[in-house]
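Shown next: entry29.txt, given as compact mmCIF, C-alpha atoms (C1' of nucleotides).
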# COMPACT_ATOMS: atom_id res chain seq x y z
CA MET A 1 -16.17 -26.10 7.06
CA LEU A 2 -17.42 -22.57 6.84
CA LYS A 3 -14.68 -20.09 6.04
CA LYS A 4 -14.01 -17.25 8.46
CA LYS A 5 -14.94 -13.91 6.95
CA ILE A 6 -12.61 -10.95 7.09
CA ILE A 7 -13.44 -7.67 5.43
CA PHE A 8 -11.15 -4.78 4.65
CA LEU A 9 -12.22 -1.23 3.89
CA LEU A 10 -9.27 0.78 2.62
CA GLY A 11 -8.80 4.17 1.05
CA PRO A 12 -6.97 7.46 1.28
CA THR A 13 -7.21 9.79 4.22
CA GLY A 14 -10.36 11.89 4.33
CA VAL A 15 -12.34 9.86 1.82
CA GLY A 16 -14.96 8.93 4.41
CA LYS A 17 -14.15 5.36 5.39
CA SER A 18 -15.12 5.61 9.05
CA ALA A 19 -18.78 6.46 8.64
CA VAL A 20 -19.27 3.85 5.93
CA ALA A 21 -17.57 1.26 8.09
CA ILE A 22 -19.86 1.88 11.04
CA SER A 23 -22.92 1.60 8.88
CA LEU A 24 -21.67 -1.60 7.29
CA ALA A 25 -20.61 -3.11 10.62
CA LYS A 26 -24.11 -2.67 11.99
CA LYS A 27 -25.62 -4.52 9.03
CA ILE A 28 -23.35 -7.54 9.28
CA ASN A 29 -22.64 -7.85 13.00
CA ALA A 30 -19.02 -6.87 12.60
CA GLN A 31 -16.55 -5.12 14.85
CA ILE A 32 -14.05 -2.66 13.49
CA ILE A 33 -10.29 -3.08 13.71
CA SER A 34 -8.54 0.15 12.86
CA CYS A 35 -5.78 -0.17 10.29
CA ASP A 36 -4.12 3.11 11.03
CA SER A 37 -0.61 3.70 12.29
CA MET A 38 -1.48 6.96 14.06
CA GLN A 39 -4.91 6.34 15.51
CA VAL A 40 -3.35 3.73 17.78
CA TYR A 41 -2.10 6.62 19.90
CA ARG A 42 -3.95 8.18 22.78
CA SER A 43 -4.40 11.96 23.11
CA MET A 44 -4.26 12.45 19.36
CA ASP A 45 -7.99 12.46 18.72
CA ILE A 46 -8.53 15.57 16.64
CA LEU A 47 -5.15 15.25 14.99
CA THR A 48 -5.86 11.79 13.62
CA SER A 49 -9.60 12.28 13.03
CA LYS A 50 -10.67 9.43 15.26
CA VAL A 51 -14.34 8.53 15.31
CA THR A 52 -16.11 9.89 18.37
CA PHE A 53 -16.77 7.90 21.51
CA GLY A 54 -20.45 8.06 20.69
CA GLN A 55 -19.87 6.37 17.38
CA ARG A 56 -17.57 3.86 18.99
CA LYS A 57 -20.39 2.89 21.30
CA LYS A 58 -22.57 1.93 18.38
CA VAL A 59 -19.94 -0.38 16.96
CA LYS A 60 -16.95 -1.64 18.88
CA HIS A 61 -13.63 -0.28 17.52
CA HIS A 62 -10.29 -1.91 18.23
CA LEU A 63 -6.73 -0.54 18.18
CA ILE A 64 -7.75 3.09 18.47
CA GLY A 65 -6.09 5.06 21.24
CA VAL A 66 -4.37 2.11 22.87
CA ILE A 67 -0.77 3.34 22.95
CA ASN A 68 0.87 6.12 24.89
CA PRO A 69 2.34 8.69 22.45
CA GLU A 70 5.65 8.43 24.24
CA GLN A 71 5.95 4.85 23.05
CA GLU A 72 7.09 3.58 19.70
CA TYR A 73 4.85 1.46 17.63
CA ASN A 74 5.38 -0.55 14.47
CA VAL A 75 3.87 -2.98 12.00
CA ALA A 76 4.95 -6.09 13.82
CA LYS A 77 3.21 -5.04 17.03
CA TYR A 78 0.18 -4.06 15.03
CA ARG A 79 -0.02 -7.36 13.23
CA GLN A 80 0.29 -9.36 16.41
CA GLU A 81 -2.39 -7.37 18.20
CA ALA A 82 -4.74 -7.21 15.25
CA LEU A 83 -4.61 -10.94 14.61
CA ALA A 84 -5.23 -11.67 18.28
CA ILE A 85 -8.33 -9.50 18.13
CA CYS A 86 -9.42 -11.28 14.98
CA ASP A 87 -9.31 -14.63 16.76
CA LYS A 88 -11.28 -13.24 19.66
CA LEU A 89 -13.94 -11.95 17.31
CA PHE A 90 -14.23 -15.25 15.51
CA ARG A 91 -14.83 -17.02 18.79
CA LYS A 92 -17.64 -14.59 19.48
CA GLY A 93 -19.09 -15.07 16.04
CA LYS A 94 -18.30 -11.53 14.97
CA ILE A 95 -16.82 -10.49 11.65
CA PRO A 96 -13.59 -8.46 11.78
CA LEU A 97 -13.83 -5.36 9.62
CA PHE A 98 -10.45 -3.75 9.08
CA VAL A 99 -10.75 -0.06 8.30
CA GLY A 100 -7.92 2.30 7.53
CA GLY A 101 -5.36 3.69 5.17
CA SER A 102 -2.01 2.40 6.38
CA GLY A 103 -1.00 0.36 3.38
CA LEU A 104 1.87 -1.43 5.03
CA TYR A 105 -0.25 -2.47 7.98
CA TYR A 106 -2.92 -3.82 5.67
CA SER A 107 -0.42 -5.67 3.57
CA MET A 108 1.27 -7.27 6.56
CA ILE A 109 -2.08 -8.61 7.75
CA VAL A 110 -3.13 -10.05 4.42
CA ASP A 111 0.20 -11.23 3.08
CA GLY A 112 2.18 -11.71 6.25
CA LEU A 113 5.39 -10.57 7.75
CA PHE A 114 8.63 -12.50 7.36
CA PRO A 115 9.80 -14.46 10.42
CA ALA A 116 10.46 -12.22 13.35
CA VAL A 117 13.65 -10.23 13.34
CA PRO A 118 12.90 -7.45 15.78
CA GLN A 119 14.84 -4.23 15.93
CA ASP A 120 18.14 -4.38 17.68
CA LYS A 121 18.91 -1.13 19.45
CA LEU A 122 22.66 -1.65 19.59
CA ILE A 123 23.09 -2.62 15.96
CA ARG A 124 20.81 0.25 14.96
CA LEU A 125 22.78 2.79 16.93
CA LYS A 126 26.01 1.57 15.40
CA LEU A 127 24.61 1.75 11.88
CA GLU A 128 23.08 5.16 12.40
CA LYS A 129 26.40 6.42 13.68
CA GLN A 130 28.14 5.09 10.60
CA LEU A 131 25.53 6.72 8.45
CA LYS A 132 26.34 10.08 9.99
CA LEU A 133 30.07 9.62 9.80
CA LYS A 134 30.49 7.92 6.45
CA GLY A 135 27.30 8.63 4.58
CA ASN A 136 24.77 6.39 2.93
CA LYS A 137 27.08 5.40 0.10
CA TYR A 138 29.29 3.59 2.55
CA LEU A 139 26.38 1.67 4.05
CA TYR A 140 25.00 0.92 0.65
CA ARG A 141 28.29 -0.56 -0.48
CA LEU A 142 28.31 -2.65 2.66
CA LEU A 143 24.85 -3.93 1.84
CA THR A 144 25.86 -4.73 -1.72
CA LYS A 145 28.57 -7.00 -0.32
CA VAL A 146 26.41 -8.92 2.12
CA ASP A 147 23.06 -8.94 0.34
CA SER A 148 23.19 -7.90 -3.29
CA ALA A 149 19.58 -8.89 -3.90
CA ALA A 150 18.36 -6.50 -1.20
CA ALA A 151 20.72 -3.78 -2.43
CA ALA A 152 19.32 -4.11 -5.93
CA LYS A 153 15.84 -3.37 -4.61
CA ILE A 154 16.80 -0.47 -2.37
CA HIS A 155 17.79 2.94 -3.70
CA PRO A 156 21.24 4.09 -2.49
CA HIS A 157 19.65 7.19 -0.92
CA ASP A 158 17.10 5.23 1.05
CA ALA A 159 19.09 5.11 4.26
CA ARG A 160 16.26 3.78 6.35
CA ARG A 161 15.87 0.61 4.32
CA ILE A 162 19.60 0.12 3.96
CA ILE A 163 19.93 0.20 7.73
CA ARG A 164 17.10 -2.24 8.24
CA ALA A 165 18.55 -4.70 5.73
CA LEU A 166 21.97 -4.50 7.35
CA GLU A 167 20.46 -4.82 10.79
CA VAL A 168 18.74 -8.05 9.82
CA TYR A 169 21.90 -9.47 8.31
CA LEU A 170 24.15 -8.49 11.20
CA LYS A 171 21.73 -9.86 13.74
CA THR A 172 20.87 -13.19 12.13
CA GLY A 173 23.53 -13.85 9.55
CA THR A 174 20.72 -14.35 7.08
CA ARG A 175 19.91 -11.98 4.26
CA ILE A 176 16.71 -9.97 4.47
CA SER A 177 16.08 -10.73 0.79
CA GLN A 178 16.07 -14.41 1.74
CA LEU A 179 13.79 -13.96 4.74
CA GLN A 180 11.33 -11.86 2.77
CA LYS A 181 10.43 -14.88 0.72
CA ASN A 182 8.92 -16.57 3.75
CA ARG A 183 5.70 -14.71 4.28
CA VAL A 184 2.65 -16.36 5.70
CA GLY A 185 -0.50 -14.41 5.05
CA LEU A 186 -4.09 -15.20 5.75
CA GLY A 187 -4.65 -18.88 4.99
CA LYS A 188 -7.30 -20.65 2.99
CA GLU A 189 -9.57 -20.93 5.99
CA TYR A 190 -10.42 -17.28 5.53
CA ALA A 191 -12.80 -15.68 3.08
CA VAL A 192 -11.30 -12.26 2.51
CA LYS A 193 -13.10 -9.34 0.93
CA ILE A 194 -11.18 -6.18 0.23
CA PHE A 195 -12.85 -2.92 -0.65
CA GLY A 196 -11.32 0.41 -1.52
CA LEU A 197 -13.15 3.69 -1.22
CA ASN A 198 -12.12 6.47 -3.54
CA SER A 199 -13.42 9.65 -5.08
CA LYS A 200 -12.30 12.04 -7.80
CA ARG A 201 -8.93 13.49 -6.96
CA GLN A 202 -10.17 17.05 -6.77
CA SER A 203 -13.06 16.13 -4.46
CA LEU A 204 -10.69 14.18 -2.27
CA TYR A 205 -8.31 17.10 -2.00
CA ASP A 206 -11.18 19.48 -1.23
CA ALA A 207 -12.35 17.14 1.50
CA ILE A 208 -8.86 16.94 2.94
CA ASP A 209 -8.51 20.72 3.01
CA GLN A 210 -11.86 21.07 4.71
CA ARG A 211 -11.04 18.42 7.23
CA VAL A 212 -7.92 20.27 8.30
CA ASP A 213 -10.03 23.41 8.72
CA LYS A 214 -12.41 21.48 10.94
CA MET A 215 -9.56 20.17 13.05
CA PHE A 216 -8.66 23.72 13.97
CA ASN A 217 -12.27 24.54 14.81
CA ARG A 218 -12.41 21.54 17.09
CA GLY A 219 -9.41 22.64 19.09
CA LEU A 220 -6.42 21.12 17.36
CA ILE A 221 -4.06 23.78 18.67
CA ASN A 222 -4.75 22.97 22.29
CA GLU A 223 -4.57 19.26 21.67
CA VAL A 224 -1.15 19.55 20.07
CA LYS A 225 0.06 21.99 22.74
CA ARG A 226 -0.83 19.45 25.38
CA LEU A 227 0.68 16.66 23.36
CA ILE A 228 4.09 18.20 22.78
CA LYS A 229 4.63 18.79 26.48
CA HIS A 230 5.56 15.14 26.49
CA LYS A 231 8.51 13.60 24.75
CA LEU A 232 6.77 11.95 21.84
CA SER A 233 8.15 8.74 20.42
CA ARG A 234 9.75 9.00 17.04
CA THR A 235 6.79 7.22 15.52
CA ALA A 236 4.07 9.27 17.20
CA LYS A 237 5.67 12.58 16.40
CA CYS A 238 5.43 11.83 12.69
CA ALA A 239 1.70 12.50 12.65
CA ILE A 240 0.85 15.25 10.20
CA GLY A 241 0.17 18.42 12.15
CA ILE A 242 2.71 18.11 14.93
CA GLY A 243 5.73 19.38 13.07
CA GLU A 244 3.67 21.94 11.20
CA LEU A 245 2.24 23.41 14.41
CA LYS A 246 5.59 23.31 16.18
CA GLY A 247 6.92 25.64 13.51
CA TYR A 248 4.06 28.00 14.20
CA PHE A 249 4.55 27.85 17.97
CA ALA A 250 8.22 28.63 17.44
CA GLY A 251 7.25 31.73 15.47
CA GLU A 252 8.76 30.49 12.22
CA TYR A 253 5.57 31.17 10.29
CA SER A 254 1.91 32.12 10.67
CA LEU A 255 -0.97 29.94 11.70
CA ALA A 256 -2.32 30.18 8.17
CA GLU A 257 0.96 28.82 6.89
CA ALA A 258 0.88 25.94 9.38
CA LYS A 259 -2.57 25.06 8.17
CA ARG A 260 -1.50 25.29 4.55
CA LEU A 261 1.41 22.96 5.22
CA MET A 262 -0.86 20.47 6.93
CA GLN A 263 -3.22 20.46 3.99
CA CYS A 264 -0.39 20.05 1.56
CA ASN A 265 1.24 17.22 3.48
CA SER A 266 -2.09 15.46 3.87
CA ARG A 267 -2.64 15.63 0.11
CA HIS A 268 0.79 14.16 -0.50
CA TYR A 269 0.02 11.43 1.97
CA ALA A 270 -3.28 10.60 0.28
CA LYS A 271 -1.51 10.41 -3.05
CA ARG A 272 1.03 7.94 -1.71
CA GLN A 273 -1.74 5.85 -0.19
CA LEU A 274 -3.46 5.65 -3.55
CA THR A 275 -0.23 4.55 -5.22
CA TRP A 276 0.12 1.80 -2.67
CA PHE A 277 -3.43 0.54 -3.03
CA ARG A 278 -3.67 0.93 -6.79
CA LYS A 279 -1.25 -1.87 -7.51
CA ASP A 280 -3.18 -4.32 -5.34
CA LYS A 281 -5.54 -5.99 -7.77
CA ARG A 282 -7.50 -7.72 -5.02
CA ILE A 283 -9.13 -4.48 -4.01
CA GLN A 284 -12.67 -3.91 -5.26
CA TRP A 285 -13.01 -0.20 -5.71
CA ILE A 286 -16.09 1.79 -4.86
CA ASN A 287 -15.98 5.22 -6.38
CA ILE A 288 -17.93 7.97 -4.70
CA ASN A 289 -19.33 10.06 -7.50
CA LYS A 290 -22.36 11.96 -6.32
CA MET A 291 -23.69 12.92 -2.96
CA GLU A 292 -23.95 9.40 -1.63
CA THR A 293 -24.48 9.05 2.09
CA PRO A 294 -22.36 6.69 4.17
CA SER A 295 -25.31 4.35 4.61
CA GLN A 296 -25.93 4.25 0.88
CA LEU A 297 -22.30 3.37 0.32
CA ALA A 298 -22.47 0.76 3.04
CA LEU A 299 -25.46 -0.76 1.29
CA LYS A 300 -23.45 -0.96 -1.92
CA LEU A 301 -20.69 -2.80 -0.11
CA TRP A 302 -23.14 -5.06 1.63
CA LYS A 303 -24.59 -6.15 -1.71
CA LYS A 304 -21.13 -7.05 -2.94
CA LEU A 305 -20.61 -9.29 0.07
CA SER A 306 -23.51 -11.54 -0.92
C1' G B 1 -3.64 62.19 -16.44
C1' C B 2 1.92 61.99 -15.78
C1' C B 3 6.42 59.18 -14.28
C1' G B 4 8.59 54.51 -13.14
C1' A B 5 8.55 49.00 -12.76
C1' G B 6 6.52 44.73 -14.61
C1' A B 7 3.48 40.98 -17.71
C1' U B 8 7.45 33.85 -18.89
C1' A B 9 4.62 26.86 -15.96
C1' G B 10 -1.01 26.25 -11.44
C1' C B 11 1.91 29.94 -7.90
C1' U B 12 6.55 32.88 -6.82
C1' C B 13 10.21 34.20 -9.96
C1' A B 14 15.38 33.35 -13.01
C1' G B 15 17.45 33.73 -17.74
C1' U B 16 18.83 34.03 -23.10
C1' G B 17 19.07 37.24 -30.41
C1' G B 18 19.10 30.42 -32.11
C1' U B 19 11.25 28.36 -29.64
C1' A B 20 13.05 28.41 -22.09
C1' G B 21 14.50 27.04 -16.65
C1' A B 22 14.33 26.87 -10.56
C1' G B 23 11.59 26.29 -6.06
C1' C B 24 6.83 25.15 -4.49
C1' G B 25 2.40 22.94 -6.43
C1' C B 26 0.77 18.93 -9.57
C1' G B 27 1.36 13.86 -11.74
C1' G B 28 3.61 8.88 -11.64
C1' C B 29 6.29 5.16 -8.85
C1' C B 30 8.95 2.19 -4.86
C1' C B 31 7.93 0.13 -0.22
C1' U B 32 8.52 -6.19 5.01
C1' G B 33 9.82 -4.05 12.48
C1' A B 34 9.69 4.59 11.96
C1' A B 35 4.89 3.69 7.03
C1' A B 36 0.66 10.13 8.46
C1' A B 37 7.63 7.72 7.79
C1' G B 38 11.47 7.26 4.06
C1' G B 39 13.12 7.13 -1.08
C1' C B 40 12.94 7.69 -6.74
C1' C B 41 11.21 9.78 -11.46
C1' G B 42 8.55 13.50 -14.56
C1' G B 43 8.18 20.29 -17.10
C1' C B 44 2.88 19.81 -17.09
C1' G B 45 4.37 26.35 -21.42
C1' U B 46 0.09 30.07 -27.38
C1' G B 47 6.71 33.55 -23.13
C1' G B 48 -0.17 39.53 -22.25
C1' G B 49 -2.35 41.21 -27.76
C1' G B 50 -0.72 43.45 -32.43
C1' G B 51 3.06 45.33 -35.58
C1' G B 52 8.37 46.15 -36.87
C1' U B 53 13.97 45.07 -37.20
C1' C B 54 16.54 40.44 -38.16
C1' C B 55 18.23 34.49 -41.70
C1' G B 56 15.93 33.89 -36.86
C1' A B 57 12.55 37.41 -31.38
C1' U B 58 10.59 35.13 -25.30
C1' U B 59 14.93 38.37 -25.65
C1' C B 60 15.76 44.55 -29.52
C1' C B 61 12.11 48.70 -31.21
C1' C B 62 6.95 50.71 -31.58
C1' U B 63 1.98 50.33 -30.01
C1' C B 64 -2.26 48.61 -27.27
C1' U B 65 -4.17 46.18 -22.86
C1' C B 66 -3.57 44.97 -17.87
C1' U B 67 -1.06 44.94 -12.89
C1' C B 68 1.90 47.29 -9.13
C1' G B 69 4.40 51.58 -7.03
C1' G B 70 5.05 57.16 -6.98
C1' C B 71 3.12 62.05 -8.37
C1' A B 72 -1.29 64.48 -9.42
Using the file provided, produce a representation of the structure as structure tokens.
Amino acid sequence: MLKKKIIFLLGPTGVGKSAVAISLAKKINAQIISCDSMQVYRSMDILTSKVTFGQRKKVKHHLIGVINPEQEYNVAKYRQEALAICDKLFRKGKIPLFVGGSGLYYSMIVDGLFPAVPQDKLIRLKLEKQLKLKGNKYLYRLLTKVDSAAAAKIHPHDARRIIRALEVYLKTGTRISQLQKNRVGLGKEYAVKIFGLNSKRQSLYDAIDQRVDKMFNRGLINEVKRLIKHKLSRTAKCAIGIGELKGYFAGEYSLAEAKRLMQCNSRHYAKRQLTWFRKDKRIQWININKMETPSQLALKLWKKLS
RNA sequence: GCCGAGAUAGCUCAGUGGUAGAGCGCGGCCCUGAAAAGGCCGGCGUGGGGGGUCCGAUUCCCUCUCUCGGCA
């Protein structure tokens, strides 16, 4: 039986994945599935550097602008939706091309998520309250008692992960460290190709700085002004640019400073993405050295698909 | 030209007669239902040049250069 092809194109923010992906998709009759935790939101087009509608007409893009920014989103939802789209594409004889930079989302598609233990609002609230009252040391000690393996992996300051681990234990009576062993990723029926796009650090940072400049020229300020009239979900409001511009709107600092902060935070983000991807030895890296066009890069990738 | 202040990490600046720190930046790392989030680790240095005092100078003295104020 012929294996089902799935292709991933990963890389840090601003490296130029989108254009390459479109060019590649056209060559191989693929459709693009975004692998981006922020582009799933509507009304955040400039902010998250979505590809234009015109470009999206050339190649069908999935999971871009499908969620209301007032709603929360997470990996589990993403995985479910992305895999459903994958199946649909296979039935149509199309190749799914995942494109994005959200390392966790990528990893949960390829390597799987442990059996469903969704968030539990009540348990969460209780734990968050305890965190405020008694501090993270208290919660960490609690975790050490119920799941020492998880505690060993989590830093005592990392409140978010401590809470999640406790939540899983309190809800199911099973340790998260135990559950994490049961991951089901993409099976043998798939032929998976994973590419990473990267460039020299300085060029990447220059590109990021320029991209933020362009966002402002395209009307970022108005977009964010419109956006923050609504009560954004705690996931949506994490997009780089919202907090930075809010500070400016509140008169805490100048517009130039807001821009500087955005550039700085985007660079930090890109650096963390690279750390995440670097350890994944399945990724075939394509380094952009010269003035290669997206279609030239796509051709390079295409040749490696053979 | 005169007077004053200063010159220390990529930037802004502390500090000390026994070869130096902080914040930011920068680098590395962790990551399983918030992931553009959250957390951890790392000082990356010809102390402006030259001379002197001293066992020893980044620190004290002299001088030069430069920068910033003020007066001309």
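Any residue of chain B with an atom no more than 12 Å from chain A counts as a contact; using only C-alpha atoms (C1' of nucleotides), that gives C24, G25, C26, G27, G28, C29, C30, C31, U32, G33, A34, A35, A36, A37, G38, G39 and C40 of chain B.
Pairwise distance (atom CA of A:Arg282, atom CA of A:Asp87) equals 22.9 Å.
Shortest atom-to-atom contact with A:Tyr138 among A:Val110, A:Ile32, A:Leu166, A:Ile288: A:Leu166, counting all atoms listed in the file.
Of the residues under consideration (A:Thr174, A:Leu47, A:Gly196, A:Val99), A:Gly196 shows the shortest atom-to-atom contact distance to A:Lys279 when counting only C-alpha atoms.
Atom CA of A:Phe98 is found 6.0 Å from atom CA of A:Leu9.
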_From A:Val146, A:Ile7, A:Leu133, A:Leu122, residue lying nearest A:Cys86 [all atoms listed in the file]_ = A:Ile7
